$ cat run.txt   # compact mmCIF, C-alpha atoms
# COMPACT_ATOMS: atom_id res chain seq x y z
CA MET A 256 160.68 230.50 105.66
CA ASP A 257 163.67 232.15 104.05
CA GLN A 258 166.09 233.42 106.64
CA PRO A 259 169.81 234.16 106.79
CA THR A 260 172.08 231.23 107.52
CA GLY A 261 174.34 233.02 109.99
CA SER A 262 172.54 231.44 112.95
CA GLN A 263 174.95 228.52 113.05
CA THR A 264 176.99 230.65 115.49
CA SER A 265 174.28 229.92 118.07
CA VAL A 266 174.97 226.19 117.82
CA ALA A 267 177.56 224.64 120.11
CA GLU A 268 180.96 225.06 118.50
CA ASN A 269 181.60 221.33 118.36
CA LYS A 270 178.29 220.84 116.52
CA ALA A 271 178.48 223.75 114.09
CA PRO A 272 178.16 222.48 110.50
CA ARG A 273 181.30 222.67 108.39
CA THR A 274 179.79 221.91 105.00
CA GLU A 275 177.17 223.61 102.85
CA ARG A 276 174.97 220.52 103.13
CA GLY A 277 175.24 220.67 106.90
CA ARG A 278 174.34 224.35 106.95
CA LYS A 279 171.26 223.65 104.82
CA THR A 280 170.20 220.85 107.18
CA LEU A 281 170.62 223.15 110.17
CA ARG A 282 168.54 225.78 108.38
CA LYS A 283 165.79 223.22 107.78
CA LEU A 284 165.75 222.27 111.46
CA LEU A 285 165.57 225.90 112.60
CA ASP A 286 162.80 226.73 110.14
CA ALA A 287 160.81 223.63 111.08
CA SER A 288 161.26 224.33 114.78
CA ALA A 289 159.96 227.87 114.32
CA ILE A 290 156.71 226.44 112.96
CA GLU A 291 156.53 223.68 115.57
CA PHE A 292 157.24 225.90 118.58
CA GLY A 293 155.04 228.65 117.14
CA GLU A 294 152.07 226.31 116.76
CA LYS A 295 152.44 224.10 119.82
CA GLY A 296 154.66 225.94 122.29
CA PHE A 297 157.87 224.58 123.75
CA HIS A 298 156.43 221.86 126.00
CA GLU A 299 154.10 220.29 123.43
CA ALA A 300 156.62 220.44 120.59
CA SER A 301 158.67 217.33 119.95
CA VAL A 302 161.99 216.60 118.30
CA SER A 303 160.44 213.86 116.18
CA SER A 304 157.78 216.21 114.85
CA ILE A 305 160.39 218.88 114.09
CA THR A 306 162.56 216.45 112.14
CA ARG A 307 159.52 215.23 110.18
CA ARG A 308 158.64 218.81 109.26
CA ALA A 309 162.24 219.41 108.24
CA GLY A 310 162.50 216.19 106.23
CA VAL A 311 165.54 215.24 108.29
CA ALA A 312 166.31 211.89 109.90
CA LEU A 313 165.75 211.85 113.65
CA GLY A 314 169.33 210.76 114.26
CA SER A 315 170.63 213.73 112.28
CA PHE A 316 169.06 216.09 114.81
CA TYR A 317 171.68 215.15 117.40
CA THR A 318 174.45 216.01 114.99
CA TYR A 319 173.50 219.64 115.60
CA PHE A 320 171.72 219.78 118.96
CA ASP A 321 172.02 217.91 122.25
CA SER A 322 168.35 218.43 123.15
CA LYS A 323 165.10 220.25 122.41
CA ASP A 324 166.24 222.92 124.87
CA ALA A 325 169.43 223.50 122.88
CA LEU A 326 167.41 223.83 119.67
CA PHE A 327 165.07 226.32 121.31
CA ARG A 328 168.01 228.46 122.47
CA ALA A 329 169.46 228.40 118.97
CA LEU A 330 166.09 229.35 117.49
CA VAL A 331 165.69 232.35 119.82
CA ALA A 332 169.17 233.54 118.86
CA ASP A 333 168.37 232.95 115.19
CA MET A 334 165.13 234.91 115.32
CA SER A 335 166.81 237.72 117.23
CA ASP A 336 169.50 237.85 114.54
CA ASN A 337 166.85 237.97 111.83
CA VAL A 338 165.02 240.86 113.48
CA ARG A 339 168.22 242.87 113.51
CA THR A 340 169.12 241.83 109.96
CA SER A 341 165.72 242.90 108.61
CA ALA A 342 166.12 246.32 110.24
CA ARG A 343 169.67 246.82 108.97
CA ALA A 344 168.64 245.90 105.43
CA ALA A 345 166.10 248.74 105.44
CA LEU A 346 168.65 251.40 106.40
CA SER A 347 170.99 253.46 104.24
CA ASP A 348 173.80 255.84 105.06
CA ASP A 349 171.98 258.88 103.66
CA MET A 350 169.02 258.57 106.07
CA GLY A 351 168.44 261.09 108.82
CA ALA A 352 167.98 259.93 112.42
CA LEU A 353 164.17 260.00 112.30
CA GLU A 354 164.15 258.30 108.91
CA VAL A 355 166.27 255.52 110.39
CA GLU A 356 163.76 254.92 113.19
CA GLU A 357 160.84 254.86 110.76
CA ALA A 358 162.57 252.49 108.36
CA ALA A 359 163.71 250.16 111.16
CA LEU A 360 160.20 249.93 112.62
CA GLY A 361 158.62 249.41 109.20
CA ALA A 362 161.04 246.57 108.51
CA PHE A 363 160.32 244.97 111.88
CA LEU A 364 156.55 245.17 111.33
CA SER A 365 156.90 243.56 107.90
CA PHE A 366 159.10 240.81 109.34
CA ALA A 367 156.67 240.18 112.21
CA ARG A 368 153.73 239.92 109.80
CA GLU A 369 155.56 237.23 107.86
CA HIS A 370 156.80 235.45 110.98
CA ARG A 371 154.07 235.93 113.56
CA GLU A 372 155.38 232.99 115.53
CA ILE A 373 158.26 235.15 116.71
CA TYR A 374 156.14 236.71 119.46
CA ARG A 375 155.10 233.38 120.95
CA ILE A 376 158.62 232.01 120.76
CA ILE A 377 160.34 235.06 122.26
CA ASP A 378 157.69 235.37 124.98
CA GLU A 379 158.02 231.70 125.87
CA ALA A 380 161.78 232.14 126.15
CA GLU A 381 161.16 234.19 129.29
CA PHE A 382 160.29 230.91 131.04
CA VAL A 383 162.14 228.30 128.96
CA ASP A 384 165.46 230.14 128.68
CA PRO A 385 165.42 233.48 130.57
CA ALA A 386 169.01 234.31 129.56
CA SER A 387 168.11 234.20 125.85
CA TYR A 388 164.98 236.26 126.48
CA ARG A 389 166.92 238.95 128.31
CA ARG A 390 169.76 238.93 125.78
CA HIS A 391 167.30 239.45 122.92
CA TYR A 392 165.85 242.63 124.40
CA GLU A 393 169.12 243.95 125.82
CA THR A 394 170.74 243.63 122.39
CA ILE A 395 167.93 245.46 120.59
CA ALA A 396 167.78 248.19 123.24
CA GLY A 397 171.53 248.62 122.90
CA LEU A 398 171.20 249.14 119.16
CA ILE A 399 168.44 251.70 119.64
CA GLU A 400 170.54 253.52 122.23
CA LYS A 401 173.38 253.76 119.71
CA ARG A 402 170.99 255.15 117.10
CA LEU A 403 169.75 257.75 119.57
CA ALA A 404 173.34 258.75 120.35
CA ALA A 405 174.07 259.07 116.63
CA GLY A 406 170.99 261.26 116.23
CA THR A 407 172.15 263.49 119.07
CA LYS A 408 175.62 263.74 117.55
CA SER A 409 174.17 264.78 114.19
CA GLY A 410 172.06 267.45 115.89
CA GLU A 411 168.72 265.87 114.98
CA PHE A 412 167.91 264.59 118.48
CA ARG A 413 168.13 266.45 121.76
CA GLU A 414 170.85 265.91 124.32
CA GLY A 415 170.47 263.49 127.20
CA LEU A 416 168.87 260.53 125.39
CA GLY A 417 170.08 257.21 126.71
CA GLU A 418 169.16 253.80 128.06
CA VAL A 419 165.73 254.68 129.49
CA GLU A 420 164.60 256.29 126.25
CA ALA A 421 165.93 253.33 124.24
CA TRP A 422 163.94 250.83 126.32
CA ALA A 423 160.84 253.03 126.14
CA LEU A 424 161.11 253.23 122.36
CA MET A 425 161.66 249.49 122.08
CA GLY A 426 158.64 248.80 124.30
CA MET A 427 156.46 250.97 122.09
CA ASN A 428 157.70 249.17 118.97
CA VAL A 429 157.10 245.73 120.51
CA PHE A 430 153.46 246.45 121.31
CA VAL A 431 152.82 248.26 118.04
CA GLY A 432 154.12 245.08 116.39
CA LEU A 433 151.80 242.94 118.48
CA ARG A 434 148.76 244.97 117.44
CA TYR A 435 149.55 245.74 113.80
CA ALA A 436 151.59 242.67 112.80
CA VAL A 437 150.59 239.67 114.91
CA TRP A 438 146.98 240.71 115.53
CA ALA A 439 146.46 242.41 112.16
CA LYS A 440 143.46 241.08 110.30
CA GLU A 441 143.59 240.08 106.66
CA GLY A 442 143.08 243.15 104.50
CA GLU A 443 143.31 245.57 107.42
CA GLY A 444 143.98 249.05 106.06
CA ARG A 445 147.19 250.05 107.83
CA SER A 446 150.37 248.81 106.18
CA PRO A 447 153.64 248.44 108.12
CA ASP A 448 154.92 251.62 106.49
CA ASP A 449 151.73 253.53 107.44
CA VAL A 450 152.02 252.44 111.06
CA ALA A 451 155.73 253.25 111.17
CA ALA A 452 154.98 256.74 109.85
CA VAL A 453 152.41 257.35 112.63
CA VAL A 454 154.87 256.23 115.29
CA ASN A 455 157.57 258.36 113.71
CA SER A 456 155.30 261.39 113.88
CA LEU A 457 154.84 260.71 117.59
CA LEU A 458 158.62 260.66 118.03
CA ALA A 459 159.03 263.88 116.10
CA LYS A 460 156.18 265.85 117.69
CA GLY A 461 155.58 264.21 121.08
CA ILE A 462 152.12 264.26 122.65
CA ALA A 463 152.17 267.54 124.57
CA ARG A 464 150.07 270.32 123.09
CA ARG A 465 152.16 273.20 121.84
CA GLU A 466 150.86 276.75 121.87

$ encode --input "run.txt" --output "structure tokens"
Amino acid sequence: MDQPTGSQTSVAENKAPRTERGRKTLRKLLDASAIEFGEKGFHEASVSSITRRAGVALGSFYTYFDSKDALFRALVADMSDNVRTSARAALSDDMGALEVEEAALGAFLSFAREHREIYRIIDEAEFVDPASYRRHYETIAGLIEKRLAAGTKSGEFREGLGEVEAWALMGMNVFVGLRYAVWAKEGEGRSPDDVAAVVNSLLAKGIARRE
């Protein structure tokens, strides 16, 4: 699972890798843990199984993490970073406000289709590490709120959009992702871009009938 390597910031400072080899080992552990936690859940997953998947010696695990809990926290932060990175990569400075929302959602849906385990892992964080769970959604809502403010400033969005609208938009995106990324069947007709376009039309036109 190719992902950015910036997640080392979520590792305790005294355990953060200082060499390229160390960063690659950390990446292997995070990628293996995503599969392990995604398949088995936090409680059934084991450090020994994660290190076997990663091809890393069991003793090396403790060079980076004090416990399975610490690894899980780092993984949630890593996946949260990757969601934001995938959205940013789809955006460009010449996009209008609505184009930005469509591109960001399309990128998220594509990411979630490739990494379906993200839903199980983030949902489980609500019980395993509530602070990480809350931080994940608060951070994303904050980014959406900034995009709404930028759209208002440019004149594309109406005045008065703020935190409530940002959380409502995020909630819609989360459940659209659940249905059309995680639960999508092989060969199902709607692509991430198609779904993002439908949602974008809803944002642009609303649902109230206009005379």

$ atom_distance --input "run.txt" --atom1 "atom CA of Phe366 of chain A" --atom2 "atom CA of Gly397 of chain A"
20.0 Å

$ closest_atom_pairs --input "run.txt" --of "segment 428-466 of chain A" --to "segment 341-352 of chain A" --cutoff "12 Å" --atoms "only C-alpha atoms" --output "CSV"
residue,atom,partner,partner_atom,distance
A:Asp448,CA,A:Ala345,CA,11.6
A:Asn455,CA,A:Ala352,CA,10.6
A:Leu458,CA,A:Ala352,CA,10.9
A:Ala459,CA,A:Ala352,CA,10.5

$ axis_aligned_box --input "run.txt" --around "segment 277-287 of chain A" --padding-each-side "6 Å" --output "JSON"
{"center_x": 168.0, "center_y": 223.7, "center_z": 108.7, "size_x": 26.4, "size_y": 18.1, "size_z": 19.8}

$ closest_residue --input "run.txt" --among "A:Glu411, A:Ala405, A:Ser365, A:Glu466" --to "Val431 of chain A" --atoms "all atoms listed in the file"
A:Ser365

$ closest_residue --input "run.txt" --among "A:Arg282, A:Arg465, A:Arg413, A:Arg434" --to "Val311 of chain A" --atoms "all atoms listed in the file"
A:Arg282

$ closest_residue --input "run.txt" --among "A:Ala421, A:Tyr388, A:Thr318, A:Gly296" --to "Ala404 of chain A" --atoms "all atoms listed in the file"
A:Ala421

$ atom_distance --input "run.txt" --atom1 "atom CA of Leu326 of chain A" --atom2 "atom CA of Lys279 of chain A"
15.3 Å

$ atom_distance --input "run.txt" --atom1 "atom CA of Glu393 of chain A" --atom2 "atom CA of Arg368 of chain A"
22.6 Å

$ decode --input "run.txt" --residues "segment 393-406 of chain A" --atoms "N, CA, C and O atoms" --output "PDB file, in the first residue's frame"
ATOM      1  N   GLU A 393     -12.487  16.391  13.447  1.00  0.00           N
ATOM      2  CA  GLU A 393     -12.378  17.835  13.671  1.00  0.00           C
ATOM      3  C   GLU A 393     -11.429  18.479  12.668  1.00  0.00           C
ATOM      4  O   GLU A 393     -11.687  19.592  12.185  1.00  0.00           O
ATOM      5  N   THR A 394     -10.347  17.785  12.342  1.00  0.00           N
ATOM      6  CA  THR A 394      -9.384  18.328  11.382  1.00  0.00           C
ATOM      7  C   THR A 394      -9.999  18.443   9.993  1.00  0.00           C
ATOM      8  O   THR A 394      -9.862  19.479   9.321  1.00  0.00           O
ATOM      9  N   ILE A 395     -10.691  17.400   9.552  1.00  0.00           N
ATOM     10  CA  ILE A 395     -11.305  17.431   8.225  1.00  0.00           C
ATOM     11  C   ILE A 395     -12.407  18.484   8.165  1.00  0.00           C
ATOM     12  O   ILE A 395     -12.501  19.247   7.196  1.00  0.00           O
ATOM     13  N   ALA A 396     -13.234  18.557   9.201  1.00  0.00           N
ATOM     14  CA  ALA A 396     -14.289  19.573   9.227  1.00  0.00           C
ATOM     15  C   ALA A 396     -13.690  20.964   9.181  1.00  0.00           C
ATOM     16  O   ALA A 396     -14.230  21.869   8.521  1.00  0.00           O
ATOM     17  N   GLY A 397     -12.572  21.161   9.873  1.00  0.00           N
ATOM     18  CA  GLY A 397     -11.913  22.460   9.855  1.00  0.00           C
ATOM     19  C   GLY A 397     -11.437  22.841   8.461  1.00  0.00           C
ATOM     20  O   GLY A 397     -11.557  24.004   8.047  1.00  0.00           O
ATOM     21  N   LEU A 398     -10.926  21.870   7.717  1.00  0.00           N
ATOM     22  CA  LEU A 398     -10.487  22.139   6.347  1.00  0.00           C
ATOM     23  C   LEU A 398     -11.665  22.480   5.447  1.00  0.00           C
ATOM     24  O   LEU A 398     -11.579  23.386   4.607  1.00  0.00           O
ATOM     25  N   ILE A 399     -12.768  21.762   5.616  1.00  0.00           N
ATOM     26  CA  ILE A 399     -13.964  22.062   4.820  1.00  0.00           C
ATOM     27  C   ILE A 399     -14.478  23.452   5.151  1.00  0.00           C
ATOM     28  O   ILE A 399     -14.877  24.221   4.253  1.00  0.00           O
ATOM     29  N   GLU A 400     -14.475  23.805   6.434  1.00  0.00           N
ATOM     30  CA  GLU A 400     -14.946  25.130   6.832  1.00  0.00           C
ATOM     31  C   GLU A 400     -14.093  26.224   6.178  1.00  0.00           C
ATOM     32  O   GLU A 400     -14.620  27.255   5.733  1.00  0.00           O
ATOM     33  N   LYS A 401     -12.794  26.008   6.095  1.00  0.00           N
ATOM     34  CA  LYS A 401     -11.927  26.982   5.426  1.00  0.00           C
ATOM     35  C   LYS A 401     -12.257  27.081   3.938  1.00  0.00           C
ATOM     36  O   LYS A 401     -12.230  28.175   3.362  1.00  0.00           O
ATOM     37  N   ARG A 402     -12.562  25.934   3.318  1.00  0.00           N
ATOM     38  CA  ARG A 402     -12.914  25.972   1.897  1.00  0.00           C
ATOM     39  C   ARG A 402     -14.226  26.714   1.687  1.00  0.00           C
ATOM     40  O   ARG A 402     -14.382  27.468   0.725  1.00  0.00           O
ATOM     41  N   LEU A 403     -15.173  26.516   2.588  1.00  0.00           N
ATOM     42  CA  LEU A 403     -16.444  27.239   2.485  1.00  0.00           C
ATOM     43  C   LEU A 403     -16.221  28.734   2.627  1.00  0.00           C
ATOM     44  O   LEU A 403     -16.812  29.541   1.899  1.00  0.00           O
ATOM     45  N   ALA A 404     -15.370  29.118   3.568  1.00  0.00           N
ATOM     46  CA  ALA A 404     -15.070  30.539   3.767  1.00  0.00           C
ATOM     47  C   ALA A 404     -14.408  31.132   2.525  1.00  0.00           C
ATOM     48  O   ALA A 404     -14.713  32.262   2.120  1.00  0.00           O
ATOM     49  N   ALA A 405     -13.514  30.358   1.901  1.00  0.00           N
ATOM     50  CA  ALA A 405     -12.858  30.829   0.681  1.00  0.00           C
ATOM     51  C   ALA A 405     -13.869  30.996  -0.440  1.00  0.00           C
ATOM     52  O   ALA A 405     -13.797  31.950  -1.231  1.00  0.00           O
ATOM     53  N   GLY A 406     -14.844  30.062  -0.505  1.00  0.00           N
ATOM     54  CA  GLY A 406     -15.878  30.162  -1.523  1.00  0.00           C
ATOM     55  C   GLY A 406     -16.773  31.372  -1.314  1.00  0.00           C
ATOM     56  O   GLY A 406     -17.211  32.015  -2.275  1.00  0.00           O
TER      57      GLY A 406
END
